[in-house]
Amino acid sequence: MVNHQLFLLLTLILSILVFQSESRVKAKAPFGFSLELIRRDSPLSPFYNASLNSSEILIKNAIHSMERFKHFQSLINQKAVQSIAFPTENSYLTKLSFGTPPVEYFAIVDTGSDLTWIQCVPCTKCYNSQGSSLFDPQASSTYKAFSCDSQTCRAFGGEQCLKTNDCQYHVTYGDMSSTIGILSSDTLSFDSINGQKTTFSTSIFGCGRNNQVQLGNLGIAGIVGLGGGPFSLVSQIGPQIDHRFSYCFVPRFAKSSGKLIFGQESIISHPKAISTPLVSKYPQTFYYLTLNGVSIGDKTAHPSSTQGNVLIDSGVTLTILEPDLYSSVEAMVKEAIGKEPVQDPSGAFNLCYGADTNINVPEMVFHFSGADVRLQPVNTFMVNGDLVCMVIVPNSVNPFSVFGNYAQINFQVEYDLQKRVVSFAPTDCTQI
């Protein structure tokens, strides 16, 4: 409770710093706005790699999911400061523009990160696979670098002062990727799906000048941080978006994009919508829920850990369960399907069946506190070459789980950060 109160205080202070002058706030957004959300490995993505087949993509996504999960574990266990898990190749992209005049970029949307950053010039070390030119602060008439003695720099914990007195940030990710640059503000704008242009005139972001990213071949310009910390985009623009946002992930081979929705438009009106509380834990960047059990038919398996035992994340593809819970779930799935499993040669998945086997994948219910989320086959099994594999895997050691983005396909997922709840509604995300 104390940590949550401290977070609210920091958020309030940051909101005052950023929005203290009404004349500086150009975005009212009373009805919200919606953006396209494109999976990085989708044919709709400008960075789609056509040389990879669907099986190779799925295996890469599984490997990256486990790497990101290990980073989560280390952060939670070690309480690392200014270190988070870098989003992986299976992440989602959106378009946004920085500066005046606006320059458009593709960036990864990440609920597991706070600071929004893009690559900037001059750059001492930048990955050169970005699909656009680097942002030039001098070309923007509204750009501002925070000074070392500014309240914003002190609140962020700027690493050091430069000779220019600019506030330098340094964020290190769990895979040893990092971004170093100038803590800055500029106009951030979005072109909504309905043609509306939404502009935030003093958005805090990192102007990255030394970006050592292990996955630098993604083609993206940077990251849009949607985490729960005070410097994330959703915390900064909270008053304008009613402290809420939602997303809707389309199925893997859908020929349309999903949606990222901010403000009033993100409110779920579906009659079957269900809600579960967010649990305040360290680090505050992450969104924690409480999972009470998993059911198939009349059988239920229960986790050994209790409150805040699962992290909901946009950047992990797979759902990863604590070891004992996974073993029970796998046993229930095997019994329900009643066919002989086949070993996955890649070792990425624990439970697979031949693709030519006529299996009936059972509905799986995740019992979150106050919300029973019913997962369909699209959420739990994927075709992997000549196999069909369960995209739920075990965590090797700790009693900790992650609810990944495959499990969230065809759900509108709403984060109400004022009421501290996450809501789910079954939705055809290709039609939203």
# chains A, B, ... in the order shown; residues from 1 in each chain; ligands from 1

call {"tool": "residues_around", "arguments": {"residues": "Ser189 (chain A)", "least_positions_apart": "3", "cutoff": "10 Å", "atoms": "only C-alpha atoms", "output": "ChimeraX atom specification"}}
result
/A:27,95-100,102-104,186,192,197-201,203

call {"tool": "write_last_selection", "arguments": {"atoms": "N, CA and C atoms", "output": "compact mmCIF listing (two decimals), in the first residue's frame"}}
result
# COMPACT_ATOMS: atom_id res chain seq x y z
N ALA A 27 -3.83 18.71 -26.32
CA ALA A 27 -4.64 17.51 -26.52
C ALA A 27 -5.70 17.42 -25.45
N LYS A 95 2.18 3.56 -35.17
CA LYS A 95 2.81 4.74 -35.76
C LYS A 95 2.57 5.95 -34.87
N LEU A 96 3.59 6.78 -34.75
CA LEU A 96 3.49 8.02 -34.00
C LEU A 96 4.46 9.02 -34.60
N SER A 97 4.24 10.29 -34.31
CA SER A 97 5.09 11.34 -34.87
C SER A 97 5.67 12.20 -33.77
N PHE A 98 6.92 12.60 -33.94
CA PHE A 98 7.61 13.47 -32.99
C PHE A 98 7.94 14.79 -33.68
N GLY A 99 7.88 15.88 -32.90
CA GLY A 99 8.41 17.15 -33.34
C GLY A 99 7.46 18.03 -34.12
N THR A 100 7.95 19.24 -34.45
CA THR A 100 7.24 20.22 -35.27
C THR A 100 8.21 20.74 -36.32
N PRO A 102 5.90 17.43 -37.72
CA PRO A 102 5.94 16.04 -37.23
C PRO A 102 6.67 15.10 -38.18
N VAL A 103 7.45 14.20 -37.59
CA VAL A 103 8.15 13.16 -38.35
C VAL A 103 7.64 11.81 -37.86
N GLU A 104 7.17 10.98 -38.78
CA GLU A 104 6.49 9.74 -38.42
C GLU A 104 7.47 8.58 -38.26
N ASP A 186 8.92 17.04 -26.38
CA ASP A 186 8.57 17.56 -27.69
C ASP A 186 7.11 17.22 -27.96
N SER A 192 -5.22 9.14 -35.73
CA SER A 192 -6.18 8.13 -35.34
C SER A 192 -6.74 7.42 -36.57
N LYS A 197 -6.50 13.82 -35.66
CA LYS A 197 -5.11 13.99 -35.25
C LYS A 197 -5.09 14.44 -33.81
N THR A 198 -4.38 13.69 -32.97
CA THR A 198 -4.29 14.01 -31.55
C THR A 198 -2.86 14.39 -31.22
N THR A 199 -2.68 15.53 -30.57
CA THR A 199 -1.35 16.06 -30.31
C THR A 199 -1.16 16.37 -28.83
N PHE A 200 -0.02 15.93 -28.30
CA PHE A 200 0.37 16.23 -26.93
C PHE A 200 1.65 17.06 -27.01
N SER A 201 1.59 18.27 -26.50
CA SER A 201 2.62 19.25 -26.81
C SER A 201 3.88 19.13 -25.97
N SER A 203 5.35 16.08 -24.33
CA SER A 203 5.57 14.69 -23.94
C SER A 203 7.04 14.46 -23.61

call {"tool": "closest_atom_pairs", "arguments": {"of": "region 195-228 of chain A", "to": "region 268-289 of chain A", "cutoff": "12 Å", "atoms": "only C-alpha atoms", "output": "Markdown table"}}
result
| residue | atom | partner | partner_atom | distance |
| --- | --- | --- | --- | --- |
| A:Gly225 | CA | A:Thr285 | CA | 9.3 |
| A:Leu226 | CA | A:Thr285 | CA | 8.5 |
| A:Gly227 | CA | A:Thr285 | CA | 4.7 |
| A:Gly228 | CA | A:Thr285 | CA | 4.3 |

call {"tool": "write_last_selection", "arguments": {"atoms": "N, CA, C and O atoms", "output": "compact mmCIF listing (two decimals), in the first residue's frame"}}
result
# COMPACT_ATOMS: atom_id res chain seq x y z
N GLY A 225 6.41 3.43 -24.30
CA GLY A 225 6.25 2.83 -22.99
C GLY A 225 4.84 3.01 -22.44
O GLY A 225 4.39 4.13 -22.20
N LEU A 226 4.14 1.88 -22.24
CA LEU A 226 2.77 1.90 -21.69
C LEU A 226 2.72 1.25 -20.32
O LEU A 226 1.67 0.81 -19.87
N GLY A 227 3.87 1.18 -19.64
CA GLY A 227 3.92 0.56 -18.33
C GLY A 227 3.23 1.40 -17.27
O GLY A 227 2.67 2.47 -17.53
N GLY A 228 3.29 0.92 -16.04
CA GLY A 228 2.58 1.56 -14.94
C GLY A 228 3.36 2.61 -14.19
O GLY A 228 2.84 3.20 -13.23

call {"tool": "select_by_dssp", "arguments": {"residues": "region 165-305 of chain A", "states": "strand (DSSP E)", "output": "ChimeraX atom specification"}}
result
/A:167-173,178-191,197-212,222-225,244-248,258-262,274-277,287-289,291-296,299-301

call {"tool": "write_last_selection", "arguments": {"atoms": "C-alpha atoms", "output": "JSON list (two decimals), in the first residue's frame"}}
result
[["chain", "number", "residue", "atom", "x", "y", "z"],
["A", 167, "CYS", "CA", 19.97, 15.65, -18.43],
["A", 168, "GLN", "CA", 21.30, 12.28, -19.51],
["A", 169, "TYR", "CA", 19.20, 9.14, -19.02],
["A", 170, "HIS", "CA", 20.46, 5.56, -19.09],
["A", 171, "VAL", "CA", 18.08, 2.60, -19.28],
["A", 172, "THR", "CA", 19.52, -0.90, -19.21],
["A", 173, "TYR", "CA", 17.35, -3.85, -20.24],
["A", 178, "SER", "CA", 20.50, -0.31, -23.38],
["A", 179, "THR", "CA", 19.63, 3.18, -24.46],
["A", 180, "ILE", "CA", 21.51, 6.31, -23.38],
["A", 181, "GLY", "CA", 20.53, 9.79, -24.40],
["A", 182, "ILE", "CA", 18.98, 13.10, -23.45],
["A", 183, "LEU", "CA", 15.80, 13.29, -21.40],
["A", 184, "SER", "CA", 13.69, 15.55, -23.57],
["A", 185, "SER", "CA", 10.22, 16.84, -24.38],
["A", 186, "ASP", "CA", 8.57, 17.56, -27.69],
["A", 187, "THR", "CA", 5.24, 17.43, -29.46],
["A", 188, "LEU", "CA", 3.98, 13.88, -29.81],
["A", 189, "SER", "CA", 1.14, 13.28, -32.27],
["A", 190, "PHE", "CA", -0.97, 10.38, -33.44],
["A", 191, "ASP", "CA", -3.10, 9.95, -36.55],
["A", 197, "LYS", "CA", -5.11, 13.99, -35.25],
["A", 198, "THR", "CA", -4.29, 14.01, -31.55],
["A", 199, "THR", "CA", -1.35, 16.06, -30.31],
["A", 200, "PHE", "CA", 0.37, 16.23, -26.93],
["A", 201, "SER", "CA", 2.62, 19.25, -26.81],
["A", 202, "THR", "CA", 5.03, 18.43, -23.97],
["A", 203, "SER", "CA", 5.57, 14.69, -23.94],
["A", 204, "ILE", "CA", 8.63, 13.48, -22.06],
["A", 205, "PHE", "CA", 10.75, 11.01, -24.01],
["A", 206, "GLY", "CA", 14.29, 9.79, -24.41],
["A", 207, "CYS", "CA", 16.30, 11.11, -27.34],
["A", 208, "GLY", "CA", 18.56, 8.09, -27.75],
["A", 209, "ARG", "CA", 22.14, 8.71, -28.84],
["A", 210, "ASN", "CA", 23.75, 5.43, -27.80],
["A", 211, "ASN", "CA", 21.38, 2.53, -28.36],
["A", 212, "GLN", "CA", 22.87, -0.93, -28.02],
["A", 222, "GLY", "CA", 12.22, 2.94, -30.54],
["A", 223, "ILE", "CA", 9.68, 2.07, -27.86],
["A", 224, "VAL", "CA", 6.34, 3.47, -26.73],
["A", 225, "GLY", "CA", 6.25, 2.83, -22.99],
["A", 244, "ARG", "CA", -7.42, 4.32, -19.36],
["A", 245, "PHE", "CA", -6.39, 2.49, -22.51],
["A", 246, "SER", "CA", -7.18, -0.80, -24.20],
["A", 247, "TYR", "CA", -5.99, -3.00, -27.02],
["A", 248, "CYS", "CA", -7.34, -5.77, -29.20],
["A", 258, "GLY", "CA", -5.55, -4.78, -34.23],
["A", 259, "LYS", "CA", -6.26, -1.60, -32.29],
["A", 260, "LEU", "CA", -4.68, 0.40, -29.51],
["A", 261, "ILE", "CA", -7.31, 2.67, -27.95],
["A", 262, "PHE", "CA", -6.93, 5.55, -25.51],
["A", 274, "ILE", "CA", -15.40, -9.08, -16.74],
["A", 275, "SER", "CA", -12.89, -7.28, -14.53],
["A", 276, "THR", "CA", -10.07, -8.21, -12.17],
["A", 277, "PRO", "CA", -8.07, -5.95, -9.83],
["A", 287, "TYR", "CA", 0.83, -4.98, -14.44],
["A", 288, "TYR", "CA", 0.14, -7.76, -11.94],
["A", 289, "LEU", "CA", -3.06, -9.81, -11.61],
["A", 291, "LEU", "CA", -4.65, -16.05, -10.86],
["A", 292, "ASN", "CA", -6.65, -18.40, -8.63],
["A", 293, "GLY", "CA", -6.74, -21.40, -10.95],
["A", 294, "VAL", "CA", -7.13, -22.89, -14.43],
["A", 295, "SER", "CA", -10.04, -25.15, -15.39],
["A", 296, "ILE", "CA", -10.83, -27.59, -18.16],
["A", 299, "LYS", "CA", -11.33, -30.07, -13.22],
["A", 300, "THR", "CA", -9.34, -27.18, -11.80],
["A", 301, "ALA", "CA", -5.64, -26.72, -11.10]]

call {"tool": "closest_residue", "arguments": {"among": "A:Val361, A:Met382, A:Leu233, A:Ile193", "to": "Gly338 (chain A)", "atoms": "only C-alpha atoms"}}
result
A:Val361

call {"tool": "select_by_dssp", "arguments": {"residues": "region 279-401 of chain A", "states": "alpha helix (DSSP H)", "output": "JSON, numbers by chain"}}
result
{"A": [323, 324, 325, 326, 327, 328, 329, 330, 331, 332, 333, 334, 335, 336, 337, 377, 378, 379, 380]}

call {"tool": "write_last_selection", "arguments": {"atoms": "N, CA and C atoms", "output": "compact mmCIF listing (two decimals), in the first residue's frame"}}
result
# COMPACT_ATOMS: atom_id res chain seq x y z
N PRO A 323 5.74 -24.05 -12.41
CA PRO A 323 5.92 -25.47 -12.78
C PRO A 323 4.79 -26.41 -12.38
N ASP A 324 4.37 -26.37 -11.12
CA ASP A 324 3.33 -27.32 -10.67
C ASP A 324 2.00 -27.05 -11.35
N LEU A 325 1.67 -25.78 -11.52
CA LEU A 325 0.41 -25.43 -12.19
C LEU A 325 0.45 -25.89 -13.63
N TYR A 326 1.59 -25.68 -14.30
CA TYR A 326 1.69 -26.13 -15.69
C TYR A 326 1.50 -27.64 -15.79
N SER A 327 2.15 -28.38 -14.92
CA SER A 327 2.05 -29.85 -14.98
C SER A 327 0.61 -30.31 -14.87
N SER A 328 -0.14 -29.68 -13.99
CA SER A 328 -1.55 -30.04 -13.81
C SER A 328 -2.37 -29.66 -15.04
N VAL A 329 -2.09 -28.47 -15.61
CA VAL A 329 -2.81 -28.04 -16.81
C VAL A 329 -2.50 -28.95 -17.98
N GLU A 330 -1.24 -29.31 -18.15
CA GLU A 330 -0.87 -30.21 -19.25
C GLU A 330 -1.58 -31.55 -19.10
N ALA A 331 -1.64 -32.07 -17.88
CA ALA A 331 -2.32 -33.35 -17.64
C ALA A 331 -3.80 -33.25 -18.00
N MET A 332 -4.44 -32.13 -17.65
CA MET A 332 -5.85 -31.96 -17.98
C MET A 332 -6.06 -31.87 -19.48
N VAL A 333 -5.16 -31.18 -20.18
CA VAL A 333 -5.27 -31.05 -21.63
C VAL A 333 -5.11 -32.41 -22.30
N LYS A 334 -4.11 -33.16 -21.87
CA LYS A 334 -3.89 -34.50 -22.45
C LYS A 334 -5.11 -35.39 -22.26
N GLU A 335 -5.68 -35.34 -21.07
CA GLU A 335 -6.86 -36.18 -20.79
C GLU A 335 -8.04 -35.75 -21.65
N ALA A 336 -8.21 -34.42 -21.82
CA ALA A 336 -9.35 -33.92 -22.61
C ALA A 336 -9.20 -34.25 -24.09
N ILE A 337 -7.98 -34.19 -24.61
CA ILE A 337 -7.76 -34.45 -26.03
C ILE A 337 -7.77 -35.95 -26.31
N PRO A 377 -9.39 -22.24 -28.62
CA PRO A 377 -8.19 -22.86 -29.23
C PRO A 377 -7.21 -21.86 -29.83
N VAL A 378 -7.70 -20.73 -30.38
CA VAL A 378 -6.80 -19.72 -30.96
C VAL A 378 -5.87 -19.13 -29.91
N ASN A 379 -6.26 -19.21 -28.64
CA ASN A 379 -5.46 -18.66 -27.55
C ASN A 379 -4.46 -19.65 -26.98
N THR A 380 -4.68 -20.94 -27.22
CA THR A 380 -3.90 -21.96 -26.51
C THR A 380 -3.07 -22.89 -27.40

call {"tool": "atom_distance", "arguments": {"atom1": "CA of Ile220 (chain A)", "atom2": "CA of Thr317 (chain A)"}}
result
18.5 Å

call {"tool": "closest_residue", "arguments": {"among": "A:Phe146, A:Ser113, A:Thr290, A:Val213", "to": "Lys125 (chain A)", "atoms": "only C-alpha atoms"}}
result
A:Val213

call {"tool": "atom_distance", "arguments": {"atom1": "CA of Pro251 (chain A)", "atom2": "CA of Ile409 (chain A)"}}
result
5.9 Å

call {"tool": "closest_residue", "arguments": {"among": "A:Phe249, A:Tyr48, A:Phe366, A:Tyr406", "to": "Gln431 (chain A)", "atoms": "only C-alpha atoms"}}
result
A:Phe249

call {"tool": "residues_around", "arguments": {"residues": "Ser314 (chain A)", "least_positions_apart": "6", "cutoff": "8 Å", "atoms": "only C-alpha atoms", "output": "number ranges by chain"}}
result
A: 91-92, 109-112, 404-405

call {"tool": "residues_around", "arguments": {"residues": "Val388 (chain A)", "least_positions_apart": "2", "cutoff": "12 Å", "atoms": "only C-alpha atoms", "output": "PyMOL selection string"}}
result
chain A and resi 55+58+341-344+349-361+377-378+380-386+390-391

call {"tool": "closest_residue", "arguments": {"among": "A:Leu93, A:Cys389, A:Val422, A:Ile237", "to": "Leu311 (chain A)", "atoms": "only C-alpha atoms"}}
result
A:Val422

call {"tool": "atom_distance", "arguments": {"atom1": "CA of Gln151 (chain A)", "atom2": "CA of Thr116 (chain A)"}}
result
18.5 Å

call {"tool": "closest_residue", "arguments": {"among": "A:Leu318, A:Val393, A:Val373, A:Ile108", "to": "Gly347 (chain A)", "atoms": "only C-alpha atoms"}}
result
A:Val393

call {"tool": "decode", "arguments": {"residues": "region 276-297 of chain A", "atoms": "N, CA and C atoms", "output": "CSV table (one decimal), in the first residue's frame"}}
result
chain,number,residue,atom,x,y,z
A,276,THR,N,-10.9,-7.7,-13.3
A,276,THR,CA,-10.1,-8.2,-12.2
A,276,THR,C,-9.2,-7.1,-11.7
A,277,PRO,N,-8.9,-7.0,-10.4
A,277,PRO,CA,-8.1,-6.0,-9.8
A,277,PRO,C,-6.6,-6.0,-10.2
A,278,LEU,N,-6.0,-4.9,-10.4
A,278,LEU,CA,-4.5,-4.8,-10.6
A,278,LEU,C,-3.9,-4.8,-9.2
A,279,VAL,N,-2.8,-5.5,-9.0
A,279,VAL,CA,-2.2,-5.6,-7.7
A,279,VAL,C,-0.9,-4.8,-7.8
A,280,SER,N,-0.7,-3.9,-6.8
A,280,SER,CA,0.5,-3.1,-6.7
A,280,SER,C,1.6,-3.8,-6.1
A,281,LYS,N,2.7,-4.0,-7.0
A,281,LYS,CA,3.9,-4.7,-6.6
A,281,LYS,C,5.1,-4.0,-7.2
A,282,TYR,N,6.3,-4.4,-6.8
A,282,TYR,CA,7.5,-3.9,-7.4
A,282,TYR,C,7.9,-4.8,-8.5
A,283,PRO,N,8.4,-4.3,-9.6
A,283,PRO,CA,8.5,-2.9,-10.0
A,283,PRO,C,7.2,-2.4,-10.5
A,284,GLN,N,6.9,-1.1,-10.3
A,284,GLN,CA,5.6,-0.6,-10.6
A,284,GLN,C,5.3,-0.5,-12.1
A,285,THR,N,6.4,-0.7,-12.9
A,285,THR,CA,6.2,-0.7,-14.4
A,285,THR,C,5.2,-1.8,-14.8
A,286,PHE,N,5.3,-3.0,-14.2
A,286,PHE,CA,4.5,-4.1,-14.6
A,286,PHE,C,3.1,-4.1,-14.1
A,287,TYR,N,2.2,-4.8,-14.8
A,287,TYR,CA,0.8,-5.0,-14.4
A,287,TYR,C,0.6,-6.4,-13.9
A,288,TYR,N,0.3,-6.5,-12.6
A,288,TYR,CA,0.1,-7.8,-11.9
A,288,TYR,C,-1.3,-8.1,-11.7
A,289,LEU,N,-1.7,-9.3,-11.9
A,289,LEU,CA,-3.1,-9.8,-11.6
A,289,LEU,C,-2.9,-11.0,-10.7
A,290,THR,N,-4.1,-11.4,-10.1
A,290,THR,CA,-4.1,-12.6,-9.3
A,290,THR,C,-4.8,-13.8,-10.0
A,291,LEU,N,-4.1,-14.8,-10.2
A,291,LEU,CA,-4.7,-16.0,-10.9
A,291,LEU,C,-5.0,-17.1,-9.8
A,292,ASN,N,-6.2,-17.4,-9.7
A,292,ASN,CA,-6.7,-18.4,-8.6
A,292,ASN,C,-6.7,-19.8,-9.1
A,293,GLY,N,-6.7,-20.0,-10.4
A,293,GLY,CA,-6.7,-21.4,-10.9
A,293,GLY,C,-7.0,-21.4,-12.4
A,294,VAL,N,-6.9,-22.6,-13.0
A,294,VAL,CA,-7.1,-22.9,-14.4
A,294,VAL,C,-8.0,-24.1,-14.5
A,295,SER,N,-9.1,-24.0,-15.3
A,295,SER,CA,-10.0,-25.1,-15.4
A,295,SER,C,-10.2,-25.6,-16.8
A,296,ILE,N,-10.4,-26.9,-16.9
A,296,ILE,CA,-10.8,-27.6,-18.2
A,296,ILE,C,-12.0,-28.5,-17.8
A,297,GLY,N,-13.1,-28.3,-18.3
A,297,GLY,CA,-14.3,-29.1,-17.9
A,297,GLY,C,-14.6,-28.9,-16.4
